[in-house]
Amino acid sequence: MNTPVRVAAFVMGLAIAFLAALGLGSVVGPVGAEPVEEAHASESHDDEADVDAGHDDHEDEPAPAEQPGGLAVSQDGYTLELLSQPRPGADRPLRFTVLGPDGEPVTAYDEVHERPLHLITIRRDGAHYRHVHPTLAGDGTWTARTTLEPGTNRLLADFTPMGGPELVLGTDVQVPGAFAPLGATPVTRTAQVDGYRVRLEGGLTAGESSPVTAVVTRGGEPVTDLQPYLGSYGHLVALREGDLAYLHVHPEETGSGPEIGFLAEVPSEGRYRLFLDFRHRGSVHTAAFTLTTADGHGGGGGHDH
Ligand SMILES: [Cu+2]
């Protein structure tokens, strides 16, 4: 590649990455134009142009998009530390702690969604999602009783140290034993779980808050007496396929069924696994879905915006 072509290719990549990060249609014009102009002006020093374009982009940005949670084991001075080597099998204890900025285990947490800490475990291929609430000992040791499958598992801890930042820290856990990888999951809007059928209406849009509604039926009848779980009528977690980034999903005010509304924010184009916990007749059930941003809104469902 000659230099101008290389520069153009780089700038194109930069512009695409930047637009993807912003994900805002309204700023496509000005943002797209700027770095291209600059790079052309200094073709012979493409390294400098790259640096300049990067700086300008940063300064012009209203606010840098936050990295999704769950990608780091350590952030803002807090570190997730495993205290036991998990073994495969049902209902095994799993011990961990969160070290604070002073290097000592954190012993006080703010409750979010009615719990001081939410622990997600999932195999790296997206199989075997579990959402549990560990118990905290006085010395800052958390103990979860959970089931881990053979393979590389991801542990995601969602918590807020008392008076500190909201965090989702993640770590990998290798569990010995053979396993069959899940492979690519097709787009799945309807899940069957424990005799319930749950359909997900709506879609995901990169960089935007998108309404997503779960509709719960049982035996063909709408379920209208869902019970509150963790402060709302359902708890939805979205994980990005590829890195299991943990995305923010906020419950919307909805009644006790059959519809449960959420606002999902996904930072980038791609495929996402979504897991809905809902409670009915005293039991919590988990429905799993796969959506892509390309899938758009509605997908044949009735989202009338
Ligand atoms: Cu939880």
# chains A, B, ... in the order shown; residues from 1 in each chain; ligands from 1
>>> residues_around(residues="stretch 278-289 of chain A", least_positions_apart="3", cutoff="8 Å", atoms="only C-alpha atoms", output="MDAnalysis selection string")
chainID A and resid 187:194 198 200 225:229 233:235 273:275
>>> write_last_selection(atoms="N, CA, C and O atoms", output="short mmCIF file (atom, residue, chain, number, x, y, z; two decimals), in the first residue's frame")
data_model
loop_
_atom_site.label_atom_id
_atom_site.label_comp_id
_atom_site.auth_asym_id
_atom_site.auth_seq_id
_atom_site.Cartn_x
_atom_site.Cartn_y
_atom_site.Cartn_z
N VAL A 187 -30.09 -16.35 16.41
CA VAL A 187 -30.96 -15.35 17.04
C VAL A 187 -32.16 -16.08 17.65
O VAL A 187 -32.80 -16.89 16.98
N THR A 188 -32.37 -15.86 18.92
CA THR A 188 -33.43 -16.57 19.64
C THR A 188 -34.28 -15.56 20.40
O THR A 188 -33.81 -14.94 21.34
N ARG A 189 -35.52 -15.37 19.97
CA ARG A 189 -36.41 -14.43 20.63
C ARG A 189 -37.40 -15.13 21.56
O ARG A 189 -38.06 -14.48 22.36
N THR A 190 -37.51 -16.43 21.41
CA THR A 190 -38.47 -17.16 22.23
C THR A 190 -37.74 -18.24 23.02
O THR A 190 -36.96 -19.00 22.45
N ALA A 191 -37.96 -18.24 24.31
CA ALA A 191 -37.33 -19.24 25.17
C ALA A 191 -38.41 -20.06 25.87
O ALA A 191 -39.45 -19.53 26.25
N GLN A 192 -38.16 -21.36 26.00
CA GLN A 192 -39.02 -22.24 26.77
C GLN A 192 -38.26 -22.60 28.03
O GLN A 192 -37.14 -23.07 27.96
N VAL A 193 -38.88 -22.34 29.18
CA VAL A 193 -38.19 -22.67 30.42
C VAL A 193 -39.20 -23.08 31.49
O VAL A 193 -40.16 -22.36 31.76
N ASP A 194 -39.01 -24.25 32.06
CA ASP A 194 -39.83 -24.75 33.17
C ASP A 194 -41.33 -24.65 32.87
O ASP A 194 -42.13 -24.32 33.76
N VAL A 198 -41.33 -17.57 26.94
CA VAL A 198 -41.04 -16.14 27.07
C VAL A 198 -40.57 -15.62 25.74
O VAL A 198 -39.66 -16.18 25.12
N LEU A 200 -39.23 -12.24 23.55
CA LEU A 200 -38.60 -10.93 23.69
C LEU A 200 -38.99 -10.06 22.50
O LEU A 200 -38.71 -10.40 21.36
N ASP A 225 -49.57 -12.75 37.11
CA ASP A 225 -49.29 -12.63 38.55
C ASP A 225 -47.82 -12.93 38.84
O ASP A 225 -47.48 -13.67 39.77
N LEU A 226 -46.96 -12.32 38.03
CA LEU A 226 -45.52 -12.41 38.32
C LEU A 226 -45.25 -11.77 39.67
O LEU A 226 -45.96 -10.86 40.09
N GLN A 227 -44.20 -12.25 40.32
CA GLN A 227 -43.85 -11.71 41.63
C GLN A 227 -42.59 -10.86 41.53
O GLN A 227 -41.71 -11.15 40.71
N PRO A 228 -42.49 -9.83 42.35
CA PRO A 228 -41.28 -9.00 42.31
C PRO A 228 -40.04 -9.83 42.60
O PRO A 228 -40.07 -10.76 43.41
N TYR A 229 -38.98 -9.52 41.87
CA TYR A 229 -37.69 -10.18 42.09
C TYR A 229 -36.61 -9.11 41.98
O TYR A 229 -36.50 -8.44 40.96
N TYR A 233 -40.15 -6.63 38.39
CA TYR A 233 -40.82 -7.88 38.01
C TYR A 233 -39.95 -8.78 37.15
O TYR A 233 -40.38 -9.79 36.64
N GLY A 234 -38.70 -8.41 36.99
CA GLY A 234 -37.78 -9.27 36.25
C GLY A 234 -36.41 -8.63 36.28
O GLY A 234 -36.26 -7.44 36.56
N HIS A 235 -35.40 -9.44 36.04
CA HIS A 235 -34.02 -8.96 36.08
C HIS A 235 -33.37 -9.45 34.80
O HIS A 235 -33.28 -10.65 34.57
N ARG A 273 -26.09 -12.02 24.24
CA ARG A 273 -26.88 -13.03 24.94
C ARG A 273 -27.63 -12.30 26.05
O ARG A 273 -27.04 -11.49 26.77
N LEU A 274 -28.92 -12.57 26.17
CA LEU A 274 -29.73 -11.93 27.20
C LEU A 274 -30.33 -13.00 28.10
O LEU A 274 -30.81 -14.04 27.60
N PHE A 275 -30.31 -12.73 29.39
CA PHE A 275 -30.82 -13.70 30.36
C PHE A 275 -31.82 -13.00 31.27
O PHE A 275 -31.48 -12.02 31.94
#
>>> residues_near_ligand(ligand="ligand 1", cutoff="8 Å", atoms="only C-alpha atoms and all ligand atoms", output="list in words")
His113, Arg115, Leu117, His118, Leu119, Ile120, His131, Val132, His133, Asp158, Leu230 and His235 of chain A
>>> residues_around(residues="A:Thr97", least_positions_apart="4", cutoff="8 Å", atoms="only C-alpha atoms", output="PyMOL selection string")
chain A and resi 80-83+105-106+140-142
>>> write_last_selection(atoms="all heavy atoms", output="tab-separated table (two decimals), in the first residue's frame")
chain	number	residue	atom	x	y	z
A	80	LEU	N	-10.99	-7.94	42.05
A	80	LEU	CA	-11.70	-9.17	42.38
A	80	LEU	C	-10.67	-10.28	42.54
A	80	LEU	O	-9.84	-10.51	41.65
A	80	LEU	CB	-12.67	-9.50	41.25
A	80	LEU	CG	-13.49	-10.78	41.33
A	80	LEU	CD1	-14.40	-10.78	42.55
A	80	LEU	CD2	-14.31	-10.95	40.04
A	81	GLU	N	-10.70	-10.96	43.69
A	81	GLU	CA	-9.72	-12.01	43.94
A	81	GLU	C	-10.40	-13.31	44.35
A	81	GLU	O	-11.15	-13.35	45.33
A	81	GLU	CB	-8.76	-11.56	45.05
A	81	GLU	CG	-7.61	-12.53	45.25
A	81	GLU	CD	-6.61	-12.02	46.28
A	81	GLU	OE1	-6.90	-12.13	47.49
A	81	GLU	OE2	-5.56	-11.50	45.88
A	82	LEU	N	-10.10	-14.35	43.59
A	82	LEU	CA	-10.64	-15.68	43.92
A	82	LEU	C	-9.87	-16.25	45.10
A	82	LEU	O	-8.65	-16.14	45.17
A	82	LEU	CB	-10.44	-16.62	42.74
A	82	LEU	CG	-11.56	-16.80	41.75
A	82	LEU	CD1	-11.19	-17.90	40.77
A	82	LEU	CD2	-12.88	-17.12	42.43
A	83	LEU	N	-10.58	-16.90	46.01
A	83	LEU	CA	-9.91	-17.48	47.18
A	83	LEU	C	-9.95	-19.00	47.16
A	83	LEU	O	-9.36	-19.66	48.00
A	83	LEU	CB	-10.57	-16.97	48.47
A	83	LEU	CG	-10.50	-15.46	48.70
A	83	LEU	CD1	-11.28	-15.07	49.94
A	83	LEU	CD2	-9.06	-14.98	48.79
A	105	PRO	N	-9.52	-6.31	52.05
A	105	PRO	CA	-10.84	-6.71	51.59
A	105	PRO	C	-11.92	-5.69	51.97
A	105	PRO	O	-11.90	-5.15	53.08
A	105	PRO	CB	-11.09	-8.03	52.33
A	105	PRO	CG	-9.73	-8.55	52.67
A	105	PRO	CD	-8.88	-7.32	52.91
A	106	VAL	N	-12.80	-5.41	51.03
A	106	VAL	CA	-13.92	-4.51	51.28
A	106	VAL	C	-14.95	-5.27	52.12
A	106	VAL	O	-15.30	-6.42	51.81
A	106	VAL	CB	-14.56	-4.06	49.94
A	106	VAL	CG1	-15.80	-3.21	50.18
A	106	VAL	CG2	-13.53	-3.31	49.10
A	140	GLY	N	-14.83	-9.81	54.94
A	140	GLY	CA	-14.86	-9.43	53.53
A	140	GLY	C	-14.82	-10.61	52.57
A	140	GLY	O	-14.73	-10.41	51.36
A	141	THR	N	-14.89	-11.84	53.10
A	141	THR	CA	-14.91	-13.02	52.22
A	141	THR	C	-16.34	-13.31	51.78
A	141	THR	O	-17.24	-13.43	52.61
A	141	THR	CB	-14.37	-14.26	52.97
A	141	THR	OG1	-13.02	-14.00	53.37
A	141	THR	CG2	-14.41	-15.50	52.09
A	142	TRP	N	-16.52	-13.41	50.46
A	142	TRP	CA	-17.82	-13.81	49.90
A	142	TRP	C	-17.83	-15.31	49.66
A	142	TRP	O	-16.83	-15.86	49.16
A	142	TRP	CB	-18.05	-13.11	48.57
A	142	TRP	CG	-18.33	-11.64	48.65
A	142	TRP	CD1	-17.44	-10.63	48.45
A	142	TRP	CD2	-19.59	-11.03	48.94
A	142	TRP	NE1	-18.07	-9.42	48.60
A	142	TRP	CE2	-19.38	-9.63	48.89
A	142	TRP	CE3	-20.87	-11.52	49.23
A	142	TRP	CZ2	-20.41	-8.72	49.12
A	142	TRP	CZ3	-21.88	-10.61	49.46
A	142	TRP	CH2	-21.66	-9.23	49.41
>>> closest_residue(among="A:Phe96, A:Tyr78, A:Tyr196, A:Tyr272", to="A:Leu247", atoms="only C-alpha atoms")
A:Tyr272
>>> select_by_dssp(residues="stretch 65-243 of chain A", states="strand (DSSP E or B)", output="ChimeraX atom specification")
/A:69,74-75,78-82,89-99,105,109-110,112,115,117-123,130-132,135-136,141-148,151-161,167-175,188,190-193,196-202,206,209-218,221-222,227,229,232,235-240
>>> closest_residue(among="A:Gly100, A:Gly270, A:Gly207, A:Gly89", to="A:Leu244", atoms="only C-alpha atoms")
A:Gly270
>>> atom_distance(atom1="atom CA of A:Gly70", atom2="atom CA of A:Val215")
27.7 Å
>>> closest_residue(among="A:Val223, A:Ala180, A:Val175, A:Leu71", to="A:Ala157", atoms="only C-alpha atoms")
A:Leu71
>>> select_by_dssp(residues="stretch 26-255 of chain A", states="alpha helix (DSSP H)", output="JSON, numbers by chain")
{"A": [28, 29, 30, 31, 32, 33, 34, 35, 36, 37, 38, 39, 40, 41, 46, 47, 48, 49, 50, 51, 52, 53, 54, 55, 56, 57, 58, 59, 60]}
>>> decode(residues="stretch 148-186 of chain A", atoms="N, CA and C atoms", output="tab-separated table (two decimals), in the first residue's frame")
chain	number	residue	atom	x	y	z
A	148	LEU	N	-20.51	-24.97	38.69
A	148	LEU	CA	-19.69	-24.60	37.55
A	148	LEU	C	-19.47	-25.81	36.66
A	149	GLU	N	-19.53	-25.57	35.36
A	149	GLU	CA	-19.34	-26.65	34.40
A	149	GLU	C	-17.88	-26.68	33.96
A	150	PRO	N	-17.39	-27.86	33.52
A	150	PRO	CA	-16.03	-27.92	33.00
A	150	PRO	C	-15.82	-26.93	31.86
A	151	GLY	N	-14.63	-26.37	31.80
A	151	GLY	CA	-14.31	-25.38	30.78
A	151	GLY	C	-13.86	-24.09	31.44
A	152	THR	N	-13.65	-23.06	30.61
A	152	THR	CA	-13.32	-21.75	31.16
A	152	THR	C	-14.62	-21.03	31.48
A	153	ASN	N	-14.76	-20.65	32.73
A	153	ASN	CA	-15.96	-19.95	33.16
A	153	ASN	C	-15.62	-18.50	33.48
A	154	ARG	N	-16.57	-17.63	33.26
A	154	ARG	CA	-16.43	-16.23	33.61
A	154	ARG	C	-17.22	-15.96	34.88
A	155	LEU	N	-16.57	-15.28	35.82
A	155	LEU	CA	-17.25	-14.82	37.04
A	155	LEU	C	-17.40	-13.32	36.92
A	156	LEU	N	-18.61	-12.82	37.07
A	156	LEU	CA	-18.86	-11.39	36.99
A	156	LEU	C	-19.51	-10.95	38.30
A	157	ALA	N	-18.83	-10.05	39.01
A	157	ALA	CA	-19.36	-9.56	40.28
A	157	ALA	C	-19.82	-8.12	40.10
A	158	ASP	N	-21.09	-7.88	40.37
A	158	ASP	CA	-21.74	-6.58	40.19
A	158	ASP	C	-22.02	-6.03	41.58
A	159	PHE	N	-21.36	-4.93	41.94
A	159	PHE	CA	-21.47	-4.45	43.32
A	159	PHE	C	-21.08	-2.98	43.40
A	160	THR	N	-21.37	-2.37	44.54
A	160	THR	CA	-20.96	-1.00	44.83
A	160	THR	C	-20.39	-0.96	46.24
A	161	PRO	N	-19.06	-0.77	46.36
A	161	PRO	CA	-18.50	-0.63	47.71
A	161	PRO	C	-19.17	0.57	48.38
A	162	MET	N	-19.40	0.50	49.68
A	162	MET	CA	-20.13	1.57	50.35
A	162	MET	C	-19.46	2.92	50.08
A	163	GLY	N	-20.23	3.82	49.48
A	163	GLY	CA	-19.71	5.14	49.15
A	163	GLY	C	-18.78	5.17	47.95
A	164	GLY	N	-18.60	4.03	47.28
A	164	GLY	CA	-17.65	3.94	46.16
A	164	GLY	C	-18.38	3.85	44.82
A	165	PRO	N	-17.60	3.55	43.76
A	165	PRO	CA	-18.18	3.49	42.42
A	165	PRO	C	-18.96	2.19	42.19
A	166	GLU	N	-19.94	2.26	41.29
A	166	GLU	CA	-20.64	1.04	40.85
A	166	GLU	C	-19.68	0.27	39.95
A	167	LEU	N	-19.47	-1.00	40.26
A	167	LEU	CA	-18.48	-1.77	39.51
A	167	LEU	C	-19.02	-3.12	39.07
A	168	VAL	N	-18.50	-3.59	37.94
A	168	VAL	CA	-18.66	-4.99	37.56
A	168	VAL	C	-17.27	-5.50	37.22
A	169	LEU	N	-16.71	-6.34	38.10
A	169	LEU	CA	-15.39	-6.91	37.85
A	169	LEU	C	-15.55	-8.36	37.42
A	170	GLY	N	-14.64	-8.81	36.57
A	170	GLY	CA	-14.75	-10.16	36.05
A	170	GLY	C	-13.43	-10.90	36.13
A	171	THR	N	-13.51	-12.20	36.29
A	171	THR	CA	-12.30	-13.02	36.24
A	171	THR	C	-12.65	-14.37	35.62
A	172	ASP	N	-11.64	-14.98	35.01
A	172	ASP	CA	-11.83	-16.31	34.43
A	172	ASP	C	-11.52	-17.37	35.47
A	173	VAL	N	-12.24	-18.47	35.40
A	173	VAL	CA	-12.02	-19.59	36.30
A	173	VAL	C	-11.94	-20.85	35.44
A	174	GLN	N	-10.82	-21.55	35.55
A	174	GLN	CA	-10.67	-22.79	34.78
A	174	GLN	C	-11.21	-23.96	35.60
A	175	VAL	N	-12.17	-24.64	35.04
A	175	VAL	CA	-12.75	-25.79	35.74
A	175	VAL	C	-12.38	-27.04	34.96
A	176	PRO	N	-11.69	-27.99	35.61
A	176	PRO	CA	-11.22	-29.16	34.88
A	176	PRO	C	-12.36	-30.05	34.39
A	177	GLY	N	-12.08	-30.74	33.27
A	177	GLY	CA	-13.07	-31.67	32.73
A	177	GLY	C	-13.34	-31.40	31.26
A	178	ALA	N	-13.87	-32.39	30.57
A	178	ALA	CA	-14.17	-32.27	29.14
A	178	ALA	C	-15.50	-31.56	28.95
A	179	PHE	N	-15.62	-30.84	27.86
A	179	PHE	CA	-16.90	-30.21	27.54
A	179	PHE	C	-17.04	-30.03	26.04
A	180	ALA	N	-18.28	-29.92	25.58
A	180	ALA	CA	-18.55	-29.67	24.17
A	180	ALA	C	-18.94	-28.21	24.01
A	181	PRO	N	-18.14	-27.43	23.26
A	181	PRO	CA	-18.47	-26.00	23.11
A	181	PRO	C	-19.85	-25.81	22.49
A	182	LEU	N	-20.49	-24.74	22.92
A	182	LEU	CA	-21.85	-24.44	22.48
A	182	LEU	C	-21.92	-24.12	20.99
A	183	GLY	N	-20.88	-23.45	20.45
A	183	GLY	CA	-20.94	-23.00	19.06
A	183	GLY	C	-21.78	-21.74	18.94
A	184	ALA	N	-21.89	-21.23	17.71
A	184	ALA	CA	-22.64	-19.99	17.49
A	184	ALA	C	-24.12	-20.22	17.78
A	185	THR	N	-24.70	-19.32	18.55
A	185	THR	CA	-26.13	-19.46	18.86
A	185	THR	C	-26.92	-18.62	17.85
A	186	PRO	N	-27.97	-19.20	17.28
A	186	PRO	CA	-28.79	-18.41	16.36
A	186	PRO	C	-29.57	-17.35	17.12
